[in-house]
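See below for protein-v3.cif, which holds mmCIF, C-alpha atoms.
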data_upload
loop_
_atom_site.label_atom_id
_atom_site.label_comp_id
_atom_site.auth_asym_id
_atom_site.auth_seq_id
_atom_site.Cartn_x
_atom_site.Cartn_y
_atom_site.Cartn_z
CA MET A 868 13.29 -2.17 15.59
CA HIS A 869 13.63 -4.97 13.08
CA GLU A 870 16.38 -6.47 15.18
CA GLU A 871 13.61 -8.14 17.14
CA HIS A 872 12.49 -10.09 14.07
CA GLY A 873 15.14 -12.25 12.55
CA SER A 874 15.47 -14.60 9.65
CA TRP A 875 17.94 -17.23 8.58
CA LEU A 876 19.60 -14.59 6.48
CA ASN A 877 20.62 -12.82 9.67
CA ALA A 878 22.93 -15.77 10.29
CA VAL A 879 24.36 -15.35 6.80
CA VAL A 880 24.99 -11.67 7.49
CA ASN A 881 26.72 -12.48 10.75
CA LEU A 882 29.24 -14.60 8.87
CA LEU A 883 30.51 -11.57 7.00
CA PRO A 884 33.35 -9.48 8.42
CA GLU A 885 32.38 -6.67 10.78
CA GLN A 886 32.98 -3.86 8.31
CA ALA A 887 30.90 -5.47 5.58
CA GLN A 888 27.92 -6.03 7.87
CA HIS A 889 27.05 -2.35 7.84
CA TYR A 890 26.51 -2.36 4.10
CA VAL A 891 24.03 -5.20 3.82
CA ASP A 892 20.39 -5.08 4.83
CA VAL A 893 18.49 -8.17 5.88
CA MET A 894 15.24 -6.84 4.44
CA VAL A 895 16.75 -6.31 1.01
CA MET A 896 18.26 -9.78 1.09
CA ASN A 897 14.87 -11.28 1.88
CA SER A 898 13.43 -9.38 -1.05
CA TRP A 899 16.09 -11.02 -3.22
CA VAL A 900 14.49 -14.32 -2.28
CA VAL A 901 11.18 -13.07 -3.67
CA ILE A 902 12.87 -11.77 -6.79
CA ALA A 903 14.63 -15.08 -7.35
CA LEU A 904 11.35 -16.93 -6.91
CA LEU A 905 9.59 -14.67 -9.39
CA VAL A 906 12.39 -15.00 -11.94
CA VAL A 907 12.31 -18.79 -11.70
CA LEU A 908 8.52 -18.90 -12.01
CA ALA A 909 8.54 -16.53 -14.96
CA TRP A 910 11.23 -18.51 -16.74
CA LEU A 911 9.43 -21.79 -16.13
CA GLY A 912 6.16 -20.32 -17.35
CA THR A 913 7.44 -18.90 -20.60
CA ARG A 914 9.94 -21.49 -21.73
CA ARG A 915 7.71 -22.99 -24.41
CA ARG A 916 5.00 -20.64 -25.53
CA LEU A 917 2.28 -22.97 -26.65
CA GLU A 918 -0.76 -21.88 -28.59
CA ARG A 919 -2.93 -23.79 -26.17
CA PRO A 920 -1.24 -23.09 -22.87
CA ARG A 921 -0.92 -25.64 -20.15
CA GLY A 922 0.34 -25.54 -16.61
CA LEU A 923 2.25 -22.50 -15.39
CA GLN A 924 1.74 -20.65 -18.65
CA THR A 925 -2.00 -20.71 -18.00
CA LEU A 926 -1.52 -18.99 -14.66
CA TRP A 927 0.63 -16.30 -16.17
CA GLU A 928 -1.86 -15.73 -18.97
CA MET A 929 -4.70 -15.48 -16.47
CA TYR A 930 -2.69 -12.94 -14.52
CA TYR A 931 -1.92 -10.94 -17.64
CA GLY A 932 -5.57 -11.04 -18.65
CA PHE A 933 -6.60 -9.72 -15.27
CA LEU A 934 -4.01 -6.92 -15.44
CA ARG A 935 -4.91 -5.94 -18.96
CA ASN A 936 -8.63 -5.89 -18.15
CA PHE A 937 -8.08 -3.89 -14.98
CA CYS A 938 -5.84 -1.33 -16.63
CA GLU A 939 -8.17 -0.84 -19.54
CA THR A 940 -11.20 -0.28 -17.32
CA GLU A 941 -9.32 1.92 -14.84
CA ILE A 942 -6.93 3.94 -16.99
CA GLY A 943 -8.65 3.84 -20.31
CA PRO A 944 -7.53 2.73 -23.76
CA GLY A 945 -3.85 2.36 -24.48
CA ALA A 946 -3.27 1.12 -20.97
CA GLU A 947 -1.14 -1.86 -21.83
CA ARG A 948 1.91 0.37 -21.39
CA TYR A 949 1.28 0.47 -17.65
CA VAL A 950 0.68 -3.25 -17.26
CA PRO A 951 4.33 -4.21 -16.65
CA LEU A 952 4.85 -1.76 -13.80
CA LEU A 953 1.51 -2.40 -12.12
CA GLY A 954 1.69 -6.15 -12.55
CA THR A 955 5.17 -6.26 -11.10
CA LEU A 956 4.14 -4.11 -8.16
CA LEU A 957 1.17 -6.30 -7.36
CA LEU A 958 2.93 -9.65 -7.55
CA TYR A 959 6.13 -8.45 -5.89
CA ILE A 960 4.36 -6.81 -2.95
CA LEU A 961 2.02 -9.77 -2.60
CA LEU A 962 4.86 -12.25 -2.35
CA MET A 963 6.88 -9.98 -0.05
CA ASN A 964 3.93 -9.66 2.31
CA LEU A 965 3.48 -13.40 2.46
CA LEU A 966 7.18 -14.18 2.80
CA GLY A 967 7.09 -13.41 6.50
CA LEU A 968 4.85 -16.37 7.12
CA VAL A 969 7.39 -18.79 5.70
CA PRO A 970 9.58 -20.04 8.55
CA GLY A 971 13.05 -18.60 8.30
CA PHE A 972 12.17 -15.47 6.36
CA ILE A 973 10.87 -12.04 7.20
CA THR A 974 8.51 -9.61 5.54
CA PRO A 975 10.64 -7.07 3.70
CA THR A 976 7.73 -4.63 3.56
CA MET A 977 7.90 -4.52 7.32
CA SER A 978 10.51 -1.80 7.09
CA LEU A 979 9.65 1.72 5.99
CA ASN A 980 12.72 1.70 3.75
CA MET A 981 11.27 -0.93 1.46
CA THR A 982 7.80 0.59 1.26
CA ALA A 983 9.20 4.08 0.76
CA ALA A 984 11.31 2.76 -2.11
CA LEU A 985 8.24 1.24 -3.74
CA ALA A 986 6.27 4.45 -3.24
CA LEU A 987 9.14 6.45 -4.72
CA VAL A 988 9.06 4.24 -7.80
CA VAL A 989 5.33 4.87 -8.14
CA PHE A 990 5.79 8.61 -7.68
CA LEU A 991 8.49 8.85 -10.34
CA ALA A 992 6.51 6.62 -12.68
CA VAL A 993 3.36 8.73 -12.29
CA GLN A 994 5.25 11.94 -13.08
CA TYR A 995 6.99 10.31 -16.04
CA PHE A 996 3.73 8.94 -17.46
CA GLY A 997 2.05 12.29 -16.95
CA PHE A 998 4.73 14.13 -18.90
CA ARG A 999 4.85 11.48 -21.60
CA GLU A 1000 1.09 11.56 -22.14
CA GLN A 1001 0.47 15.26 -21.94
CA GLY A 1002 3.78 16.96 -22.50
CA TRP A 1003 4.13 20.38 -20.99
CA ARG A 1004 0.36 20.59 -20.45
CA TYR A 1005 0.84 18.17 -17.55
CA LEU A 1006 2.16 21.08 -15.50
CA LEU A 1007 -1.09 22.94 -16.08
CA HIS A 1008 -3.04 20.35 -14.20
CA PHE A 1009 -1.27 21.41 -11.04
CA ILE A 1010 -2.98 24.78 -11.22
CA GLY A 1011 -6.44 23.28 -11.24
CA GLU A 1012 -9.11 23.15 -13.87
CA PRO A 1013 -10.48 26.22 -15.68
CA LEU A 1014 -13.64 27.33 -13.97
CA GLY A 1015 -15.57 28.68 -16.93
CA ASP A 1016 -15.47 30.73 -20.08
CA SER A 1017 -16.57 34.11 -18.79
CA ALA A 1018 -14.01 36.80 -18.10
CA ALA A 1019 -14.66 36.84 -14.36
CA MET A 1020 -14.08 33.10 -14.14
CA LYS A 1021 -10.82 33.38 -16.04
CA VAL A 1022 -9.57 36.09 -13.69
CA LEU A 1023 -10.54 33.96 -10.71
CA TYR A 1024 -8.75 30.98 -12.22
CA VAL A 1025 -5.52 32.92 -12.59
CA ALA A 1026 -5.86 34.46 -9.14
CA MET A 1027 -6.33 31.09 -7.45
CA ALA A 1028 -3.47 29.46 -9.32
CA PRO A 1029 -0.82 29.88 -6.59
CA ILE A 1030 -3.09 28.37 -3.93
CA MET A 1031 -4.05 25.49 -6.19
CA LEU A 1032 -0.41 24.94 -7.05
CA ALA A 1033 0.54 24.64 -3.38
CA VAL A 1034 -2.38 22.35 -2.62
CA HIS A 1035 -1.68 20.12 -5.61
CA ILE A 1036 2.03 19.84 -4.88
CA ILE A 1037 1.30 18.83 -1.31
CA GLY A 1038 -1.24 16.36 -2.62
CA GLU A 1039 1.23 14.87 -5.09
CA ILE A 1040 3.72 14.29 -2.29
CA ALA A 1041 1.11 13.04 0.16
CA LYS A 1042 -0.17 10.36 -2.19
CA PRO A 1043 2.98 8.22 -2.41
CA LEU A 1044 3.70 9.00 1.23
CA SER A 1045 0.37 7.53 2.21
CA LEU A 1046 1.09 4.49 0.05
CA ALA A 1047 4.36 3.88 1.87
CA VAL A 1048 2.99 4.44 5.36
CA ARG A 1049 -0.13 2.37 4.77
CA LEU A 1050 1.78 -0.67 3.59
CA PHE A 1051 4.47 -0.29 6.25
CA GLY A 1052 1.97 0.22 9.07
CA ASN A 1053 -0.12 -2.77 8.11
CA MET A 1054 2.79 -5.17 7.68
CA PHE A 1055 4.78 -3.98 10.69
CA GLY A 1056 1.69 -4.04 12.90
CA GLU A 1057 0.77 -7.53 11.75
CA GLU A 1058 4.24 -8.96 12.25
CA THR A 1059 4.60 -7.31 15.65
CA ALA A 1060 1.22 -8.69 16.67
CA ILE A 1061 2.25 -12.19 15.59
CA ALA A 1062 5.52 -11.89 17.51
CA ARG A 1063 3.76 -10.69 20.67
CA MET A 1064 1.15 -13.42 20.46
CA ALA A 1065 3.85 -16.00 19.97
CA ALA A 1066 5.56 -14.66 23.09
CA LEU A 1067 2.22 -14.92 24.88
CA GLY A 1068 1.93 -18.50 23.72
CA ALA A 1069 5.39 -19.15 25.13
CA MET A 1070 4.28 -17.70 28.47
CA VAL A 1071 1.18 -19.90 28.45
CA MET A 1072 3.34 -22.91 27.69
CA ALA A 1073 5.62 -22.06 30.59
CA ALA A 1074 2.59 -22.20 32.83
CA ILE A 1075 0.71 -25.26 31.62
CA TYR A 1076 3.47 -27.19 29.77
CA VAL A 1077 1.29 -27.62 26.68
CA PRO A 1078 2.18 -25.64 23.54
CA VAL A 1079 -0.73 -23.51 22.42
CA PRO A 1080 -0.38 -21.72 19.05
CA VAL A 1081 -2.00 -18.48 20.15
CA GLN A 1082 -0.55 -16.63 17.19
CA LEU A 1083 -2.55 -18.74 14.73
CA ILE A 1084 -5.35 -16.19 14.66
CA ASN A 1085 -2.93 -13.42 13.86
CA VAL A 1086 -1.25 -15.53 11.20
CA LEU A 1087 -4.59 -16.13 9.50
CA LEU A 1088 -5.32 -12.39 9.70
CA HIS A 1089 -1.96 -11.71 8.07
CA LEU A 1090 -2.81 -14.17 5.28
CA LEU A 1091 -5.89 -12.04 4.62
CA ILE A 1092 -4.38 -8.58 5.03
CA GLY A 1093 -1.18 -9.20 3.05
CA PRO A 1094 -2.88 -9.72 -0.34
CA ILE A 1095 -5.43 -7.02 0.40
CA GLN A 1096 -2.74 -4.42 1.07
CA ALA A 1097 -0.85 -5.47 -2.04
CA TYR A 1098 -4.04 -5.05 -4.04
CA ILE A 1099 -4.69 -1.64 -2.46
CA PHE A 1100 -1.18 -0.46 -3.35
CA PHE A 1101 -1.65 -1.70 -6.91
CA MET A 1102 -5.08 -0.14 -7.31
CA LEU A 1103 -4.09 3.22 -5.88
CA SER A 1104 -1.05 3.34 -8.15
CA ALA A 1105 -3.34 2.66 -11.09
CA ALA A 1106 -5.68 5.41 -9.90
CA TYR A 1107 -2.78 7.89 -9.63
CA ILE A 1108 -1.62 6.99 -13.14
CA GLN A 1109 -5.14 7.48 -14.38
CA MET A 1110 -5.36 10.88 -12.73
CA ALA A 1111 -2.07 11.95 -14.25
CA THR A 1112 -2.78 10.79 -17.79
CA THR A 1113 -6.40 11.73 -18.44
CA HIS A 1114 -6.65 14.05 -21.38
CA GLU A 1115 -8.93 16.99 -20.92
CA GLY A 1116 -8.99 18.10 -24.52
CA GLY A 1117 -7.36 15.07 -26.01
CA ASP A 1118 -10.60 13.15 -26.36
CA ARG A 1119 -12.05 15.93 -28.45
CA HIS A 1120 -9.14 15.65 -30.87
CA GLN A 1121 -9.62 11.92 -31.11
CA HIS A 1122 -13.31 12.24 -31.83
CA ALA A 1123 -12.71 14.88 -34.45
CA GLY A 1124 -10.22 12.60 -36.18
CA ARG A 1125 -12.69 9.74 -36.26
CA ARG A 1126 -15.42 11.95 -37.65
CA HIS A 1127 -13.12 13.14 -40.42
CA ALA A 1128 -12.15 9.59 -41.28
CA ALA A 1129 -15.82 8.56 -41.40
CA ALA A 1130 -16.70 11.53 -43.62
CA VAL A 1131 -13.95 10.54 -46.09
CA MET B 41 -0.62 17.34 35.46
CA ASP B 42 2.93 17.16 34.30
CA TYR B 43 4.37 16.19 30.94
CA ALA B 44 4.67 12.46 31.60
CA SER B 45 1.09 12.00 32.77
CA MET B 46 -0.32 14.03 29.88
CA LEU B 47 1.76 12.02 27.47
CA ALA B 48 0.51 8.79 29.00
CA LEU B 49 -3.10 9.94 28.71
CA VAL B 50 -2.69 10.95 25.08
CA VAL B 51 -0.91 7.72 24.18
CA GLY B 52 -3.62 5.75 25.92
CA PHE B 53 -6.62 7.53 24.47
CA GLY B 54 -5.43 8.35 20.97
CA LEU B 55 -5.68 4.93 19.38
CA PRO B 56 -9.06 3.89 20.88
CA PHE B 57 -10.68 7.09 19.62
CA ALA B 58 -9.33 6.49 16.15
CA VAL B 59 -10.47 2.88 16.22
CA ALA B 60 -13.94 3.87 17.43
CA PHE B 61 -14.52 6.32 14.60
CA ALA B 62 -13.02 3.99 12.03
CA ALA B 63 -15.20 1.12 13.22
CA THR B 64 -18.30 3.29 12.89
CA ALA B 65 -17.35 4.30 9.38
CA GLN B 66 -16.52 0.75 8.34
CA GLY B 67 -19.78 -0.49 9.78
CA ARG B 68 -21.70 2.00 7.69
CA ALA B 69 -19.75 1.03 4.59
CA ALA B 70 -20.41 -2.66 5.19
CA ALA B 71 -24.11 -2.01 5.82
CA ALA B 72 -24.44 -0.02 2.60
CA ALA B 73 -22.60 -2.73 0.67
CA ALA B 74 -24.77 -5.51 2.08
CA GLU B 75 -27.91 -3.57 1.27
CA SER B 76 -26.86 -2.89 -2.30
CA ILE B 77 -25.89 -6.53 -2.84
CA ALA B 78 -29.32 -7.53 -1.57
CA ARG B 79 -30.91 -5.14 -4.02
CA GLN B 80 -28.80 -6.15 -7.02
CA PRO B 81 -27.15 -9.55 -6.58
CA GLU B 82 -25.60 -9.59 -10.05
CA ALA B 83 -23.36 -6.63 -9.14
CA ALA B 84 -22.04 -8.45 -6.08
CA GLY B 85 -18.50 -8.73 -7.46
CA ASP B 86 -18.13 -5.00 -8.10
CA ILE B 87 -19.74 -4.11 -4.82
CA ARG B 88 -17.49 -6.50 -2.95
CA SER B 89 -14.37 -4.95 -4.52
CA SER B 90 -15.55 -1.45 -3.65
CA LEU B 91 -16.29 -2.57 -0.12
CA ILE B 92 -12.85 -4.11 0.40
CA LEU B 93 -11.20 -1.00 -1.03
CA SER B 94 -13.19 1.33 1.22
CA LEU B 95 -12.53 -0.78 4.30
CA ALA B 96 -8.80 -0.84 3.63
CA LEU B 97 -8.64 2.92 3.04
CA ILE B 98 -10.47 3.65 6.30
CA GLU B 99 -8.26 1.18 8.10
CA SER B 100 -5.14 2.88 6.81
CA LEU B 101 -6.16 6.00 8.74
CA VAL B 102 -6.07 3.93 11.92
CA ILE B 103 -2.65 2.65 10.87
CA TYR B 104 -1.39 6.23 10.70
CA VAL B 105 -2.57 6.75 14.30
CA LEU B 106 -0.87 3.49 15.25
CA LEU B 107 2.34 4.87 13.80
CA ALA B 108 2.03 8.00 15.93
CA PHE B 109 1.33 5.79 18.93
CA LEU B 110 4.49 3.79 18.33
CA LEU B 111 6.53 6.96 18.00
CA LEU B 112 5.08 8.47 21.16
CA MET B 113 5.34 5.28 23.18
CA GLY B 114 9.09 5.46 22.90
CA ARG B 115 9.04 8.73 24.78
CA LEU B 116 7.18 7.48 27.85
CA PRO B 117 9.33 7.21 30.97
CA SER B 118 9.58 3.90 32.75
CA VAL B 119 7.83 3.54 36.09
CA ALA B 120 11.10 3.45 38.08
CA ASP B 121 12.40 6.63 36.43
CA TYR B 122 9.11 8.42 36.97
CA LEU B 123 8.90 7.47 40.64
CA ASP B 124 12.47 8.65 41.09
CA LYS B 125 11.60 11.96 39.50
CA LEU B 126 8.53 12.33 41.70
CA GLY B 127 10.47 11.53 44.84
CA GLY B 128 13.47 13.72 43.99
#
Would you mind giving the structure from this file in structure tokens?
Amino acid sequence: MHEEHGSWLNAVVNLLPEQAQHYVDVMVMNSWVVIALLVVLAWLGTRRRLERPRGLQTLWEMYYGFLRNFCETEIGPGAERYVPLLGTLLLYILLMNLLGLVPGFITPTMSLNMTAALALVVFLAVQYFGFREQGWRYLLHFIGEPLGDSAAMKVLYVAMAPIMLAVHIIGEIAKPLSLAVRLFGNMFGEETAIARMAALGAMVMAAIYVPVPVQLINVLLHLLIGPIQAYIFFMLSAAYIQMATTHEGGDRHQHAGRRHAAAV
Amino acid sequence: MDYASMLALVVGFGLPFAVAFAATAQGRAAAAAAESIARQPEAAGDIRSSLILSLALIESLVIYVLLAFLLLMGRLPSVADYLDKLGG
């Protein structure tokens, strides 16, 4: 369906020989534009690292401060390890969502391929962080939490384990799936709405010979929804990481260590 | 009531139902948020973030229905084909 929406890069693709055209994807090439922009901005912002930052470095430091603060309140202490992934996701998806509004480019997140790739990255990262934080005990959290200390509760816990395992595995797959479909649905719906309203504006202009930008309302809506959806993706990824890396008994060990140190 | 007319009814009514329920839910979320901001203005930033998050999550459910609508709409017959089938 994305043949209806084109970009200038479509013309570039058409210059390639027929055989090669099947191996390139216009959406991925538009995402390269975002990547190039981010690389240039990052390089410009970190060329001279001044003690008292000015200009672009200030913006990057503000962004890092926001990420660090968010991760520490959401995921808990030691969260600066997740800042690179989450910060990249947020900024990358934000710029990709807004790229469609620039004349000549298209929103890469409009295709389910791109959003599914991002959700796959989040899924793999969540599993990796879960294993790294909790080791083999991470698998236990698929069977649910222990219900109590009495014997009856322990028997019930073991008996319900298969059901909980199935439910949790389905949940673990449904979470990144919902991330992908949410972002795709929002962006594809918005871009399709803009295209249809632009066509409507063309029909109006054919009737009254005055151009009327009917799609302006939809463009403004897209300016609002793009960043919001990027933020939602980012925040839900942070929530999934938090769910995978919370220690049940780990905090007790930490507290015991501090008490011992204080006693010494 | 053959397959094509049932499909048309479902495609037509599915999305408005989803939107109606989602709009009700979002209205309640917005009302609760406005009330709590009125009660505690210094927490307005947190409440606003929670509100935007809740609204977007509810809206994503409607987006799922929109996806199903787009998939089903491809299966509707065109008017010419359907009239041919009725006549033949």
Determine the axis-aligned bounding box of all atoms of segment 71-89 of chain B present in the file, pad each side by 6 Å, and express its centre and edge lengths in Å to one decimal place as lines of an AutoDock Vina configuration file.
center_x = -22.6
center_y = -4.8
center_z = -2.1
size_x = 28.5
size_y = 21.6
size_z = 27.9
Could you list, as a ChimeraX atom specification, every residue of chain B that has an atom within 8 Å of an atom of chain A, counting all atoms listed in the file? /B:92-93,96,100,103-104,106-107
Can you write out the residues you just picked, keeping C-alpha atoms, as a PDB file, in the frame of the given file?
ATOM      1  CA  ILE B  92     -12.850  -4.110   0.400  1.00  0.00           C
ATOM      2  CA  LEU B  93     -11.200  -1.000  -1.030  1.00  0.00           C
ATOM      3  CA  ALA B  96      -8.800  -0.840   3.630  1.00  0.00           C
ATOM      4  CA  SER B 100      -5.140   2.880   6.810  1.00  0.00           C
ATOM      5  CA  ILE B 103      -2.650   2.650  10.870  1.00  0.00           C
ATOM      6  CA  TYR B 104      -1.390   6.230  10.700  1.00  0.00           C
ATOM      7  CA  LEU B 106      -0.870   3.490  15.250  1.00  0.00           C
ATOM      8  CA  LEU B 107       2.340   4.870  13.800  1.00  0.00           C
TER       9      LEU B 107
END
Expand the PyMOL selection byres ((chain A and resi 984) around 12) into the individual residues it matches in the shown file, reporting them as a ChimeraX atom specification. /A:895,956,960,975-976,978-983,985-991,1043-1044,1046-1048,1050-1051
One-decimal distance in Å that lies between atom CA of Pro1094 of chain A and atom CA of Pro951 of chain A: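 Interatomic distance here is 18.7 Å.
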Would you mind reading off the distance between atom CA of Leu123 of chain B and atom CA of Asp42 of chain B, one decimal, in Å? 13.0 Å
If the PyMOL selection byres ((chain A and resi 898) around 9) were run on this exact file, what residues would it hold? Put them as a ChimeraX atom specification. /A:893-897,899-903,959,963,966,974-976
Go through A:Gln924, A:Gly1002, A:Trp875, A:Leu968 and flag the residue nearest His1089 of chain A, using only C-alpha atoms for the distances.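 Nearest to His1089 of chain A: A:Leu968.
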Any chance you could work out the residue set of the PyMOL selection byres ((chain A and resi 873) around 12) here, as an NGL selection string? :A and (868-872 or 874-881 or 892-894 or 897 or 967 or 970-975 or 977 or 1058 or 1062)
In Å, how far is it from atom CA of Ile942 of chain A to atom CA of Ala1105 of chain A?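 A separation of 7.0 Å between them.
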Counting all atoms listed in the file, which residue out of A:Ile1010, A:Val1079, A:Ala909, A:Cys938 sits closest to Tyr1024 of chain A?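 Nearest to Tyr1024 of chain A: A:Ile1010.
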Write out as a PyMOL selection string the residues lying within 10 Å of Leu911 of chain A, counting all atoms listed in the file and excluding same-chain residues fewer than 6 positions away. chain A and resi 905+922-924
Residue contacts of Ile98 of chain B (10 Å, only C-alpha atoms) excluding same-chain residues fewer than 5 positions away, as a list in words: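 Close residues of Ile98 of chain B: Val59, Phe61, Ala62, Ala63, Ala65, Gln66, Ala69, Leu93 and Ile103 of chain B.
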Closest of B:Met46, B:Leu91, B:Arg115, B:Met41 to Arg68 of chain B - atom-to-atom distances counting all atoms listed in the file: B:Leu91
Using all atoms listed in the file, which of B:Gly52, B:Gly67, B:Pro81, B:Glu75 sits nearest Leu116 of chain B?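 Nearest to Leu116 of chain B: B:Gly52.
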